[in-house]
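Asker: Handing you this structure, nothing more for now.
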Amino acid sequence: MSEESLDPADAFSLLGEDVRLNIIAALDEATGEPIGFSELQDRVGVEDSGQFNYHLSQLVGHFVTKPDDGYRLTAAGERLARAVSAGLYTDSPELSPFGVDGTCNSCGLEALDAAYADEQFVIACRECDHQMLEVDVPPSLIRGRDPEEALAAFEKWSFEQVEQAYAGICPTCGGPVNHGITEDTADVLPFDVLPEIVCEVCHRRVRTSFAAIARRDPAVNDFHERHFVDYRSKHYWEVDDFVSDDGLELLSESPFRMQVTFTASGEICEAVVNDTLNVVRVEIRHTADEDAYKVDSEPGQ
Ligand SMILES: [Zn+2]
Ligand SMILES: [Zn+2]
């Protein structure tokens, strides 16, 4: 029995009935053991065999398979069951605004609140309403955690999402990704353009900052280590380089070249990022003299 591909709209209409979600849940509880028709009907609790058979037959071939010894979930059915239990298709938890460390990069006040609603984690200034960040976050990351635990989980989770996407693996579906840039930045910070990693399969988008991309370069990392700049001991939104565009300069649109400037005592580090999120040039110099050294991976530049 092959698993036919299904249009997403059809998939949702198939699942619109509670009975069908209950069938998926009952088969999921059986953890791979096949269940016969009457046993399954009992577990789901539908009295009318004809009605039950109708709903079950709508699932067979897509989410449910029927080898000779009974019904069980297909791989797609198991993924769906996991998604349902993770709360992706059920009601969303909320967190009322609660104070977090850090300074608003618009008004400069220490007045930041974090909140969660409509599956969005938001950090914004309660004085001037400036939004520092807004990230799509699955409800299961928030549910069952108090605000401090949710904040810690959110930070760890977003860090790992970016790491995985940057390494070439979609954090949602595992598919291959493309590294690029986007001008769709209206919801975040002061940026006109941001690095963006997009999944070829599920189109999941992961955005990060040019400073965070530049920081991955060994020469830039070395610069920060020499100056004892430890990004990991701060919250992401407390690092000016990540949430402000002060250190950014667009050198060229075509080819795309974004320069990120880091300053530390007595030294300046300039790193240039291209539109596939590679660091193509790093220049470090003392602020007092013209003595500079370059790490240049772009021949002829
Ligand atoms: Zn503010
Ligand atoms: Zn994906």
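Here's how to read the names in the structure tokens: chain A, B, ... by the order shown, residue numbers from 1 in each chain, ligand numbers from 1 in the order shown.
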Could you list, as an mmCIF file with all heavy atoms, in the first residue's frame, every residue within 12 Å of Ser57 in chain A, counting only C-alpha atoms and ignoring same-chain residues fewer than 3 positions away?

Answerer:
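Saved the output as part-v4.cif:
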data_model
loop_
_atom_site.group_PDB
_atom_site.id
_atom_site.type_symbol
_atom_site.label_atom_id
_atom_site.label_comp_id
_atom_site.auth_asym_id
_atom_site.auth_seq_id
_atom_site.Cartn_x
_atom_site.Cartn_y
_atom_site.Cartn_z
ATOM 1 N N LEU A 14 -9.275 16.443 5.480
ATOM 2 C CA LEU A 14 -9.332 15.062 5.973
ATOM 3 C C LEU A 14 -9.335 15.016 7.491
ATOM 4 O O LEU A 14 -9.935 14.153 8.101
ATOM 5 C CB LEU A 14 -8.081 14.294 5.516
ATOM 6 C CG LEU A 14 -8.133 13.472 4.244
ATOM 7 C CD1 LEU A 14 -6.805 12.754 4.070
ATOM 8 C CD2 LEU A 14 -9.266 12.483 4.317
ATOM 9 N N VAL A 19 -13.215 12.812 14.954
ATOM 10 C CA VAL A 19 -13.112 11.347 14.932
ATOM 11 C C VAL A 19 -11.771 10.930 14.323
ATOM 12 O O VAL A 19 -11.107 10.023 14.810
ATOM 13 C CB VAL A 19 -14.272 10.731 14.120
ATOM 14 C CG1 VAL A 19 -14.057 9.229 13.955
ATOM 15 C CG2 VAL A 19 -15.597 11.005 14.809
ATOM 16 N N ARG A 20 -11.381 11.627 13.259
ATOM 17 C CA ARG A 20 -10.149 11.219 12.569
ATOM 18 C C ARG A 20 -8.914 11.523 13.419
ATOM 19 O O ARG A 20 -7.984 10.723 13.471
ATOM 20 C CB ARG A 20 -10.066 11.921 11.212
ATOM 21 C CG ARG A 20 -11.238 11.478 10.340
ATOM 22 C CD ARG A 20 -11.220 12.104 8.985
ATOM 23 N NE ARG A 20 -12.573 12.067 8.436
ATOM 24 C CZ ARG A 20 -12.927 12.622 7.294
ATOM 25 N NH1 ARG A 20 -12.028 13.279 6.570
ATOM 26 N NH2 ARG A 20 -14.155 12.534 6.870
ATOM 27 N N ILE A 23 -8.739 8.856 15.929
ATOM 28 C CA ILE A 23 -8.192 7.606 15.367
ATOM 29 C C ILE A 23 -6.667 7.676 15.337
ATOM 30 O O ILE A 23 -5.975 6.741 15.756
ATOM 31 C CB ILE A 23 -8.753 7.353 13.942
ATOM 32 C CG1 ILE A 23 -10.258 7.039 14.004
ATOM 33 C CG2 ILE A 23 -7.993 6.204 13.274
ATOM 34 C CD1 ILE A 23 -10.940 6.967 12.630
ATOM 35 N N PHE A 37 -10.122 -3.713 13.528
ATOM 36 C CA PHE A 37 -11.189 -2.733 13.315
ATOM 37 C C PHE A 37 -12.045 -2.516 14.564
ATOM 38 O O PHE A 37 -12.234 -1.381 15.006
ATOM 39 C CB PHE A 37 -12.062 -3.169 12.121
ATOM 40 C CG PHE A 37 -13.162 -2.202 11.798
ATOM 41 C CD1 PHE A 37 -12.947 -1.153 10.908
ATOM 42 C CD2 PHE A 37 -14.414 -2.317 12.407
ATOM 43 C CE1 PHE A 37 -13.967 -0.259 10.608
ATOM 44 C CE2 PHE A 37 -15.429 -1.415 12.119
ATOM 45 C CZ PHE A 37 -15.206 -0.391 11.223
ATOM 46 N N SER A 49 -20.786 1.693 13.327
ATOM 47 C CA SER A 49 -19.692 1.081 12.572
ATOM 48 C C SER A 49 -19.537 1.688 11.177
ATOM 49 O O SER A 49 -18.417 1.866 10.686
ATOM 50 C CB SER A 49 -19.907 -0.419 12.405
ATOM 51 O OG SER A 49 -19.743 -1.057 13.634
ATOM 52 N N GLY A 50 -20.672 2.001 10.551
ATOM 53 C CA GLY A 50 -20.617 2.568 9.202
ATOM 54 C C GLY A 50 -19.929 3.919 9.199
ATOM 55 O O GLY A 50 -19.053 4.207 8.379
ATOM 56 N N GLN A 51 -20.309 4.744 10.183
ATOM 57 C CA GLN A 51 -19.721 6.084 10.298
ATOM 58 C C GLN A 51 -18.224 5.971 10.615
ATOM 59 O O GLN A 51 -17.393 6.663 10.028
ATOM 60 C CB GLN A 51 -20.447 6.848 11.418
ATOM 61 C CG GLN A 51 -20.063 8.311 11.483
ATOM 62 C CD GLN A 51 -20.390 8.920 12.850
ATOM 63 O OE1 GLN A 51 -20.701 8.207 13.820
ATOM 64 N NE2 GLN A 51 -20.299 10.227 12.914
ATOM 65 N N PHE A 52 -17.893 5.050 11.543
ATOM 66 C CA PHE A 52 -16.504 4.868 11.918
ATOM 67 C C PHE A 52 -15.684 4.398 10.721
ATOM 68 O O PHE A 52 -14.585 4.905 10.447
ATOM 69 C CB PHE A 52 -16.385 3.857 13.062
ATOM 70 C CG PHE A 52 -14.961 3.642 13.506
ATOM 71 C CD1 PHE A 52 -14.279 4.639 14.196
ATOM 72 C CD2 PHE A 52 -14.290 2.471 13.199
ATOM 73 C CE1 PHE A 52 -12.962 4.459 14.587
ATOM 74 C CE2 PHE A 52 -12.968 2.284 13.582
ATOM 75 C CZ PHE A 52 -12.311 3.284 14.279
ATOM 76 N N ASN A 53 -16.225 3.444 9.986
ATOM 77 C CA ASN A 53 -15.533 2.906 8.810
ATOM 78 C C ASN A 53 -15.289 3.993 7.766
ATOM 79 O O ASN A 53 -14.239 4.047 7.132
ATOM 80 C CB ASN A 53 -16.354 1.774 8.198
ATOM 81 C CG ASN A 53 -15.590 1.112 7.062
ATOM 82 O OD1 ASN A 53 -14.403 0.835 7.181
ATOM 83 N ND2 ASN A 53 -16.269 0.896 5.940
ATOM 84 N N TYR A 54 -16.278 4.884 7.635
ATOM 85 C CA TYR A 54 -16.128 5.975 6.668
ATOM 86 C C TYR A 54 -14.936 6.856 7.021
ATOM 87 O O TYR A 54 -14.064 7.127 6.190
ATOM 88 C CB TYR A 54 -17.411 6.816 6.616
ATOM 89 C CG TYR A 54 -17.215 8.110 5.862
ATOM 90 C CD1 TYR A 54 -17.079 8.116 4.469
ATOM 91 C CD2 TYR A 54 -17.117 9.326 6.545
ATOM 92 C CE1 TYR A 54 -16.854 9.306 3.788
ATOM 93 C CE2 TYR A 54 -16.895 10.511 5.865
ATOM 94 C CZ TYR A 54 -16.761 10.501 4.495
ATOM 95 O OH TYR A 54 -16.533 11.671 3.816
ATOM 96 N N VAL A 60 -6.895 5.954 5.493
ATOM 97 C CA VAL A 60 -6.073 4.855 4.989
ATOM 98 C C VAL A 60 -5.410 5.268 3.667
ATOM 99 O O VAL A 60 -6.054 5.831 2.789
ATOM 100 C CB VAL A 60 -6.917 3.573 4.805
ATOM 101 C CG1 VAL A 60 -6.102 2.508 4.048
ATOM 102 C CG2 VAL A 60 -7.361 3.039 6.149
ATOM 103 N N GLY A 61 -4.111 5.021 3.594
ATOM 104 C CA GLY A 61 -3.362 5.379 2.387
ATOM 105 C C GLY A 61 -2.537 6.631 2.594
ATOM 106 O O GLY A 61 -1.525 6.815 1.945
ATOM 107 N N HIS A 62 -2.983 7.493 3.515
ATOM 108 C CA HIS A 62 -2.222 8.724 3.765
ATOM 109 C C HIS A 62 -1.557 8.669 5.143
ATOM 110 O O HIS A 62 -0.354 8.732 5.266
ATOM 111 C CB HIS A 62 -3.131 9.945 3.691
ATOM 112 C CG HIS A 62 -3.893 10.025 2.406
ATOM 113 N ND1 HIS A 62 -3.264 10.149 1.192
ATOM 114 C CD2 HIS A 62 -5.223 9.960 2.144
ATOM 115 C CE1 HIS A 62 -4.181 10.168 0.232
ATOM 116 N NE2 HIS A 62 -5.366 10.058 0.780
ATOM 117 N N PHE A 63 -2.396 8.556 6.175
ATOM 118 C CA PHE A 63 -1.880 8.604 7.548
ATOM 119 C C PHE A 63 -1.943 7.241 8.233
ATOM 120 O O PHE A 63 -1.348 7.034 9.274
ATOM 121 C CB PHE A 63 -2.664 9.624 8.377
ATOM 122 C CG PHE A 63 -2.539 11.024 7.840
ATOM 123 C CD1 PHE A 63 -3.617 11.660 7.236
ATOM 124 C CD2 PHE A 63 -1.330 11.699 7.927
ATOM 125 C CE1 PHE A 63 -3.490 12.939 6.728
ATOM 126 C CE2 PHE A 63 -1.201 12.985 7.421
ATOM 127 C CZ PHE A 63 -2.285 13.597 6.809
ATOM 128 N N VAL A 64 -2.733 6.357 7.664
ATOM 129 C CA VAL A 64 -2.956 5.043 8.279
ATOM 130 C C VAL A 64 -2.727 3.979 7.222
ATOM 131 O O VAL A 64 -3.074 4.160 6.051
ATOM 132 C CB VAL A 64 -4.404 4.943 8.837
ATOM 133 C CG1 VAL A 64 -4.707 3.530 9.312
ATOM 134 C CG2 VAL A 64 -4.609 5.947 9.965
ATOM 135 N N THR A 65 -2.094 2.871 7.651
ATOM 136 C CA THR A 65 -1.887 1.765 6.729
ATOM 137 C C THR A 65 -2.573 0.530 7.309
ATOM 138 O O THR A 65 -2.825 0.447 8.516
ATOM 139 C CB THR A 65 -0.372 1.523 6.512
ATOM 140 O OG1 THR A 65 -0.210 0.409 5.643
ATOM 141 C CG2 THR A 65 0.345 1.266 7.811
ATOM 142 N N LYS A 66 -2.944 -0.420 6.435
ATOM 143 C CA LYS A 66 -3.618 -1.618 6.928
ATOM 144 C C LYS A 66 -2.956 -2.868 6.356
ATOM 145 O O LYS A 66 -3.355 -3.384 5.325
ATOM 146 C CB LYS A 66 -5.103 -1.606 6.544
ATOM 147 C CG LYS A 66 -5.872 -2.751 7.186
ATOM 148 C CD LYS A 66 -7.311 -2.789 6.735
ATOM 149 C CE LYS A 66 -8.041 -3.968 7.377
ATOM 150 N NZ LYS A 66 -7.413 -5.262 7.065
ATOM 151 N N TYR A 71 -4.722 -2.111 11.783
ATOM 152 C CA TYR A 71 -4.385 -0.750 11.346
ATOM 153 C C TYR A 71 -3.207 -0.211 12.152
ATOM 154 O O TYR A 71 -3.065 -0.480 13.340
ATOM 155 C CB TYR A 71 -5.589 0.180 11.542
ATOM 156 C CG TYR A 71 -6.771 -0.201 10.694
ATOM 157 C CD1 TYR A 71 -7.716 -1.117 11.153
ATOM 158 C CD2 TYR A 71 -6.939 0.347 9.423
ATOM 159 C CE1 TYR A 71 -8.801 -1.477 10.373
ATOM 160 C CE2 TYR A 71 -8.025 -0.010 8.634
ATOM 161 C CZ TYR A 71 -8.952 -0.923 9.117
ATOM 162 O OH TYR A 71 -10.010 -1.284 8.336
#

Asker: Could you please write out, as a ChimeraX atom specification, every residue of range 85-264 of chain A that DSSP assigns to strand (DSSP E or B)?

Answerer: /A:95-100,112-117,120-125,131-136,169,176-182,194-199,205-207,248-253,256-264

Asker: Extract, using only C-alpha atoms, all DNA, RNA and protein residues at most 9 Å from Leu250 in chain A, discarding same-chain residues fewer than 6 positions from it, and format them as a PyMOL selection string.

Answerer: chain A and resi 256-260

Asker: Could you list, as a list of chain:residue names, all residues that come within 10 Å of ligand 1? Count only C-alpha atoms and all ligand atoms.

Answerer: A:Thr103, A:Cys104, A:Asn105, A:Ser106, A:Cys107, A:Gly108, A:Leu109, A:Glu110, A:Ala111, A:Leu112, A:Ala124, A:Cys125, A:Arg126, A:Glu127, A:Cys128, A:Asp129, A:His130, A:Gln131, A:Met132

Asker: Can you tell me which residues come within 12 Å of ligand 2 when counting only C-alpha atoms and all ligand atoms, ideally as a list in words?

Answerer: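 These are the residues that qualify: Gln161, Gln164, Ala165, Gly168, Ile169, Cys170, Pro171, Thr172, Cys173, Gly174, Gly175, Pro176, Val177, Asn178, Ile197, Val198, Cys199, Glu200, Val201, Cys202, His203, Arg204, Arg205 and Val206 of chain A.
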
Asker: Closest to Phe223 in chain A among A:Val273, A:Ala75, A:Leu194, A:Ile284, using only C-alpha atoms?

Answerer: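 Nearest to Phe223 in chain A: A:Ile284.
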
Asker: Nearest to Ala219 in chain A: which of A:Val282, A:Ala114, A:Ala25, A:Leu248 is it, counting only C-alpha atoms?

Answerer: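 When distances to Ala219 in chain A are compared using only C-alpha atoms, the smallest one comes from A:Val282.
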
Asker: What separation in Å, quoted to one decimal, exists between CA of Val239 in chain A and CA of Ser140 in chain A?

Answerer: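 Result for CA of Val239 in chain A versus CA of Ser140 in chain A: 27.2 Å, one decimal.
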